[in-house]
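Okay, structure first, notes after.
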Amino acid sequence: MRAESELLKRWPENKVAPDLGRITALMTYLGDPQFSCPVIHLAGTNGKTSTARMIESLLHSFGMTTGLFTSPALHSMTERIQVNGKPISIEQFESAFEDVEPYLALVDQTSIAAGGPPVTMFEAITAMAFAAFADAPVDVMVIECGMGGTWDATNVVNPTVSTITPIGFDHTDYLGATLEEIATEKAGIIKDSVPIVLANQLVDAAAVLLRASIEHGVEPLREGIEFAVLERTVAIGGQQLTLQGLGGTYDDIYLPLHGTHQASNAVVALATVEAFFGVDGRQLDVGIVRAGFAAATSPGRLERVRTSPAVIVDSAHNPAGAAAAAGAVEEAFGFDHIIGIVAVLADKDARGLLDALEPVVSEVVVTQNSSPRSLPVGELAAIASEVFGADRVIAVDTISAALVRAVEMADEPEVLGHAGVVAIGSVVTAADVRALVGVDARKDLEDDE
């Protein structure tokens, strides 16, 4: 795909240039497509993609034509730009790139002349998403920040609602070493007089977000205060929820996703959609809300991709995400014995992630995923041995070999009870294992979502 190959020649997404000048110039050249319809804008550290997907599913259930932009992709860049919950076609992706391409050179030239970098990959694909949504056209855009908030390329919108999911430690080299610094960057999506929906936050992050809300003249809508998960029970393939929204109580909600964290994401999504529609104390149609949640998906998030033995993939790549996944695996799948496959990127907190997994993972197979940024096996094995003990760690050079070894271990006669394999540590790790077990990435994303 020419568009993808051209985009990959640009600055990668893990390299950030804190300046909205390039994306603003691109938007101007394109006729400001980001203003073509209402926007819901999301930032946060964990849960952004799942929450965005639930928001999109709810809005689509209410009969709206939706545009969804998420980061990163599991398998193909086309996944990141979706209309009505389905990735745009390769032809549409190429067309969006062709719309943007002439202006990339112009902005590159101007930025380089001023001593700056050329347009980054994320800036270019963000411009493509806005152009594709305006061209569709869609009734509403659900836009997920790539990293941070203030300087994120998506922060050229005038949102109808802004939402911030839980904030934790990630991308500390760019966003800051303290929770306050990271939260300050995320708070950059809060706009004057625009409703802001806040998921449960750690105290230091909450303080920053509340101050920013006051400064922008908005009263935040907070999980646990204005809205909350009232009840949740484990159900086959997901969970059953009772949610207290801004406009009333929504019962008998089936969510086909696992874990307390996904229940929290669900009520944040519900409050966001209520704020978008301006419910003002009125309840949304409960039947439509039920349908929207029942149709929600989040590939690569505690997703079973194989049975006998079960193989679960999860995209968690930081300690908070790993802790949420670990708890949910125990609750949802009932494994007596868990073999972990772990591959992480070199710039991530591998020790913190392994610490979160250790209480529930019996043995861990450490390896490298297909990313050139993957932490070398030897380094990961050394960290894992300190966390798990050397007798619970197996080092394997490739993720394909790691999957074979983990499945063999789960099938060994001496493993008593119900054993399962959990592959975790990165979106790339989840995608690699999905591909290895034969998940048809494009068909899965188009047909099942």
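Chain labels A, B, ... are given in the sequence in which chains occur in the structure tokens; within each chain residues are numbered consecutively from 1, and ligands are likewise numbered from 1 in the order shown.
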Would you write out, as JSON lines, a table of all residues in segment 285-319 of chain A that have an atom no more than 9 Å from an atom of segment 395-407 of chain A, listing for each the closest atom pair and the distance in Å to one decimal, considering only C-alpha atoms and ordering rows by chain and rising residue number?
{"residue": "A:Ser308", "atom": "CA", "partner": "A:Val407", "partner_atom": "CA", "distance": 9.0}
{"residue": "A:Pro309", "atom": "CA", "partner": "A:Val407", "partner_atom": "CA", "distance": 6.7}
{"residue": "A:Ala310", "atom": "CA", "partner": "A:Val407", "partner_atom": "CA", "distance": 8.5}
{"residue": "A:Val311", "atom": "CA", "partner": "A:Val407", "partner_atom": "CA", "distance": 8.0}
File dump, residues just selected, all heavy atoms, as a tab-separated table (two decimals), in the first residue's frame:
chain	number	residue	atom	x	y	z
A	308	SER	N	-8.59	-24.50	23.67
A	308	SER	CA	-8.02	-25.84	23.90
A	308	SER	C	-6.57	-25.98	23.49
A	308	SER	O	-6.27	-26.66	22.50
A	308	SER	CB	-8.88	-26.89	23.20
A	308	SER	OG	-8.50	-28.19	23.58
A	309	PRO	N	-5.62	-25.40	24.23
A	309	PRO	CA	-5.87	-24.53	25.37
A	309	PRO	C	-6.21	-23.11	24.91
A	309	PRO	O	-5.88	-22.70	23.79
A	309	PRO	CB	-4.53	-24.54	26.12
A	309	PRO	CG	-3.52	-24.75	25.03
A	309	PRO	CD	-4.18	-25.67	24.04
A	310	ALA	N	-6.87	-22.39	25.78
A	310	ALA	CA	-7.26	-21.03	25.47
A	310	ALA	C	-6.03	-20.13	25.38
A	310	ALA	O	-5.11	-20.24	26.19
A	310	ALA	CB	-8.21	-20.49	26.53
A	311	VAL	N	-6.05	-19.26	24.36
A	311	VAL	CA	-5.02	-18.22	24.24
A	311	VAL	C	-5.74	-16.88	24.25
A	311	VAL	O	-6.63	-16.64	23.43
A	311	VAL	CB	-4.19	-18.37	22.96
A	311	VAL	CG1	-3.22	-17.19	22.81
A	311	VAL	CG2	-3.42	-19.68	22.96
For this session: Once DSSP has gone over the backbone, tell me which residues of segment 152-257 of chain A are in alpha helix (DSSP H), as number ranges by chain.
Result: A: 172-175, 179-186, 203-215
For this session: Considering only C-alpha atoms, state which residue in the set A:Asp411, A:Glu363, A:Asp152, A:Glu180 is at the smallest distance from Arg392 of chain A.
Result: A:Glu363
For this session: Write out as a list in words each polymer residue whose atoms come within 12 Å of Val393 of chain A, counting only C-alpha atoms; drop sequence neighbours fewer than 5 positions from it.
Result: Ile339, Gly340, Ile341, Val342, Leu354, Glu358, Val361, Ser362, Glu363, Val364, Val365, Val366, Thr367, Val377, Gly378, Leu380, Ala381, Ala382, Ile383, Ala384, Ser385, Glu386, Val387, Phe388, Ala402, Arg405 and Ala406 of chain A
Exercise. Can you tell me, as an MDAnalysis selection string, what residues are no more than 6 Å from segment 424-430 of chain A when counting only C-alpha atoms, ignoring any on the same chain fewer than 2 positions away?
Worked result: chainID A and resid 300 313:317 342:344 369 432:433
Serialized selection, N, CA and C atoms, as a short mmCIF file (atom, residue, chain, number, x, y, z; two decimals), in the first residue's frame:
data_model
loop_
_atom_site.label_atom_id
_atom_site.label_comp_id
_atom_site.auth_asym_id
_atom_site.auth_seq_id
_atom_site.Cartn_x
_atom_site.Cartn_y
_atom_site.Cartn_z
N GLY A 300 -8.10 -7.20 20.66
CA GLY A 300 -6.81 -7.10 21.31
C GLY A 300 -6.88 -6.75 22.77
N VAL A 313 -5.26 -12.66 24.24
CA VAL A 313 -4.32 -11.57 23.96
C VAL A 313 -4.82 -10.29 24.61
N ASP A 314 -3.86 -9.50 25.08
CA ASP A 314 -4.23 -8.20 25.65
C ASP A 314 -3.13 -7.20 25.32
N SER A 315 -3.55 -5.99 24.97
CA SER A 315 -2.62 -4.96 24.51
C SER A 315 -1.99 -4.13 25.62
N ALA A 316 -2.25 -4.49 26.88
CA ALA A 316 -1.70 -3.71 27.99
C ALA A 316 -0.19 -3.57 27.86
N HIS A 317 0.31 -2.36 28.05
CA HIS A 317 1.73 -2.11 27.88
C HIS A 317 2.32 -1.27 29.00
N VAL A 342 5.19 -12.73 27.27
CA VAL A 342 5.42 -11.29 27.47
C VAL A 342 6.50 -10.80 26.51
N ALA A 343 6.15 -9.78 25.73
CA ALA A 343 7.11 -9.05 24.91
C ALA A 343 6.74 -7.59 24.99
N VAL A 344 7.70 -6.75 25.32
CA VAL A 344 7.42 -5.33 25.52
C VAL A 344 8.36 -4.48 24.67
N ASN A 369 8.71 -9.19 20.25
CA ASN A 369 7.67 -9.12 19.23
C ASN A 369 8.29 -8.61 17.92
N ASP A 432 0.74 -9.74 16.89
CA ASP A 432 1.56 -10.85 16.42
C ASP A 432 0.90 -12.18 16.73
N VAL A 433 0.39 -12.33 17.95
CA VAL A 433 -0.23 -13.59 18.34
C VAL A 433 -1.54 -13.79 17.59
#
Problem set entry | From A:Asn200, A:Glu123, A:Ser76, A:Leu230, residue lying nearest Ala435 of chain A [only C-alpha atoms] | A:Ser76
Problem set entry | Long-range neighbours of Val142 of chain A as a list in words, 10 Å cut-off, only C-alpha atoms, 2 positions minimum in chain | Pro38, Val39, Ile40, His41, Leu42, Ala52, Arg53, Ile55, Glu56, Leu59, Thr66, Gly67, Leu68, Phe69, Thr70, Gln82, Val140, Glu144, Pro159, Val161 and Ser162 of chain A
Problem set entry | Those of segment 152-356 of chain A in DSSP strand (DSSP E), formatted as a VMD selection string | chain A and resid 161 to 164 196 to 198 221 to 222 228 to 235 238 to 244 249 to 255 303 to 306 310 to 313 337 to 342
For this session: Give me the residues within 6 Å of segment 256-265 of chain A as a list in words, counting only C-alpha atoms and dropping any in the same chain fewer than 5 places off.
Result: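 What passes the distance filter is Thr51, Gly237, Gly238 and Ala328 of chain A.
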Emit the selected residues as a compact mmCIF listing (two decimals), in the first residue's frame, including all heavy atoms.
# COMPACT_ATOMS: atom_id res chain seq x y z
N THR A 51 -12.95 2.85 25.33
CA THR A 51 -13.99 3.84 25.61
C THR A 51 -14.46 4.50 24.32
O THR A 51 -15.67 4.69 24.10
CB THR A 51 -13.48 4.90 26.61
OG1 THR A 51 -13.03 4.24 27.80
CG2 THR A 51 -14.57 5.89 26.96
N GLY A 237 -19.05 -14.59 28.14
CA GLY A 237 -18.52 -13.72 27.10
C GLY A 237 -18.41 -12.26 27.47
O GLY A 237 -18.08 -11.43 26.63
N GLY A 238 -18.67 -11.93 28.72
CA GLY A 238 -18.59 -10.52 29.12
C GLY A 238 -19.11 -10.30 30.52
O GLY A 238 -18.80 -11.04 31.45
N ALA A 328 -8.78 -9.18 35.54
CA ALA A 328 -9.90 -9.58 34.69
C ALA A 328 -9.74 -11.00 34.18
O ALA A 328 -10.73 -11.73 34.05
CB ALA A 328 -10.02 -8.61 33.52
Problem set entry | Residue nearest Arg351 of chain A - candidates A:Thr24, A:Thr307, A:Gln109, A:Asn318, atoms counted: only C-alpha atoms | A:Asn318
Exercise. By how many Å are atom CA of Ala228 of chain A and atom CA of Leu58 of chain A apart?
Worked result: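 Taking atom CA of Ala228 of chain A and atom CA of Leu58 of chain A, their separation equals 17.4 Å.
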Problem set entry | Nearest-residue call for Val218 of chain A, choices A:Glu412, A:Glu379, A:Asp192, A:Asp355, using only C-alpha atoms |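 Ranked by minimum distance to Val218 of chain A, first place goes to A:Asp192.
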Exercise. So which one's closest to Gln239 of chain A, A:His60, A:Asp347, A:Ala332, A:Ala3? Using only C-alpha atoms, please.
Worked result: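 The closest residue to Gln239 of chain A is A:Ala332.
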